[in-house]
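Some notes on the structure that comes next.
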Amino acid sequence: MKNTLSTAGSLLAQAGLWLAAFISIFPFYWMVAGATNTAVEITGGKTSLGSHLFDNATKFFTLVDAPRIFANSFFVAIVGTLLTLIVTSLAGYGFEMFRSKTRDRIFGGLLLLLSVPFAAMMVPLFVMFSQAGLTNTYIAIMLPGIAAIFMIFYFRQNTKAFPHELRDAALIDGLKEWQIFVYIYMPVMRSTYAAAMIIVFMSNWNAYLWPLIVLQTNEMKTIVLVVASLASAYTPDYGLIMFANVLATLPTILVFFLLQRRFVEGMLGSVK
């Protein structure tokens, strides 16, 4: 009886996993299949691969200045990610390593700010950047997210697993704090950095609302804004949109698969 129940439970678990995998993978397959079909075939419900991939690609590269758009996206994503990792890891390191009476109060205040929706800050942010003459610039896109509170929290929590004995030994050997951070902390916490890099890179790459507000010329737009503009046409070409979505998705998929092992280690708080 126990063996029968165990077998039935195993089969149900496998069926649930297969269903979850199908639900997760099918949208990506449909996106790729749609990139090879026409708008009429897509609206007709066709889910198999077609023969119009080259036509959709030709239309996309004719309508869109792809090199410039992708250069904009990569610049914002890469530079924004590097700056965010530097600032938030320094903050997380400082909050955990340096003790003071006001440390926890300040950190608690930062966490409290997480409850403020970004929509409530958009108008003040736009007015501030407009008065500073920074609208329609890369700085305006990246600056609000450089000191991401969630990433500061993430680095502080992972820094709790950092061996404090290493820092104490380095201080005894005469290393300065910045040398400890660069030469000891960062290599030891590489899994944490890898996981954070995936999260921040995907967030910067897929950013839509704030870039839509501050960017005012087509030359500065990112691929996400371009895909959104294609989808908002009076008669959208769904094959063209699906092809653009495939191109826009590839960088994030590549980054994730290159760092997926480190991502799992970093999310589990692994320190080596």
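Residue numbering restarts at 1 in every chain; chains get A, B, ... in the order shown in the structure tokens, and ligands count up from 1 in that same order.
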For segment 232-241 of chain A: contacts at 9 Å, only C-alpha atoms, fewer than 6 positions along chain excluded, given as an MDAnalysis selection string: chainID A and resid 34:43 52:53 55:57 59:60
Which of A:Asn72, A:Asn245, A:Ser115, A:Gln260 sits closest to Lys221 of chain A [using only C-alpha atoms]: A:Asn72
Nearest candidate to Phe118 of chain A (options A:Val214, A:Leu134, A:Leu259, A:Leu209; using only C-alpha atoms): A:Leu209
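Here atom CA of Phe70 of chain A is placed at a distance of 16.5 Å from atom CA of Met242 of chain A.
Proximity to Leu110 of chain A at 10 Å, evaluated using only C-alpha atoms and with sequence-adjacent residues fewer than 3 positions away removed, yields Asp104, Arg105, Ile106, Phe107, Leu113, Leu114, Ser115, Ala148, Ile149, Phe150, Ile152 and Phe153 of chain A.
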Among listed residues A:Phe181, A:Ala33, A:Phe201, A:Ile78, nearest Ser51 of chain A (using only C-alpha atoms): A:Ala33
Members of segment 29-235 of chain A assigned helix (DSSP H, G or I) by DSSP, as a VMD selection string: chain A and resid 29 to 34 39 to 43 53 to 63 66 to 97 103 to 113 119 to 131 138 to 146 149 to 159 164 to 172 177 to 188 190 to 205 209 to 214 218 to 220 223 to 231
Å distance separating atom CA of Thr47 of chain A from atom CA of Asp65 of chain A, one decimal place: 29.0 Å
Residue nearest Glu219 of chain A among A:Lys160, A:Lys101, A:Arg167, A:Arg68 (counting only C-alpha atoms): A:Arg68
Atom CA of Val200 of chain A to atom CA of Pro124 of chain A, distance in Å rounded to a single decimal: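 Rounded to one decimal, the two atoms are 23.5 Å apart.
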Within 10 Å of Pro211 of chain A using only C-alpha atoms, minus same-chain residues under 2 positions, as a list of chain:residue names: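 Here the qualifying residues turn out to be A:Thr135, A:Asn136, A:Thr137, A:Tyr138, A:Ala140, A:Ile141, A:Met142, A:Asn204, A:Ala207, A:Tyr208, A:Leu209, A:Ile213, A:Val214, A:Leu215, A:Gln216, A:Met220, A:Lys221, A:Thr222, A:Val224, A:Leu225.
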Would you mind exporting the chosen residues as a PDB file, in the first residue's frame, restricted to C-alpha atoms?
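Result file out.pdb:
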ATOM      1  CA  THR A 135      16.596  64.703 -19.143  1.00  0.00           C
ATOM      2  CA  ASN A 136      17.211  62.678 -22.307  1.00  0.00           C
ATOM      3  CA  THR A 137      20.572  61.467 -20.960  1.00  0.00           C
ATOM      4  CA  TYR A 138      21.933  58.115 -19.850  1.00  0.00           C
ATOM      5  CA  ALA A 140      18.890  60.227 -15.920  1.00  0.00           C
ATOM      6  CA  ILE A 141      18.128  56.571 -16.679  1.00  0.00           C
ATOM      7  CA  MET A 142      20.806  55.028 -14.466  1.00  0.00           C
ATOM      8  CA  ASN A 204      18.255  47.615 -16.309  1.00  0.00           C
ATOM      9  CA  ALA A 207      13.470  48.978 -17.741  1.00  0.00           C
ATOM     10  CA  TYR A 208      10.517  50.618 -19.467  1.00  0.00           C
ATOM     11  CA  LEU A 209       8.550  53.206 -17.499  1.00  0.00           C
ATOM     12  CA  ILE A 213       9.520  59.322 -19.242  1.00  0.00           C
ATOM     13  CA  VAL A 214      13.022  60.823 -19.410  1.00  0.00           C
ATOM     14  CA  LEU A 215      14.064  59.905 -22.963  1.00  0.00           C
ATOM     15  CA  GLN A 216      12.670  62.322 -25.518  1.00  0.00           C
ATOM     16  CA  MET A 220      18.415  57.584 -27.211  1.00  0.00           C
ATOM     17  CA  LYS A 221      15.766  54.863 -26.991  1.00  0.00           C
ATOM     18  CA  THR A 222      16.518  51.322 -25.846  1.00  0.00           C
ATOM     19  CA  VAL A 224      12.471  47.735 -24.894  1.00  0.00           C
ATOM     20  CA  LEU A 225      11.048  51.130 -25.851  1.00  0.00           C
TER      21      LEU A 225
END
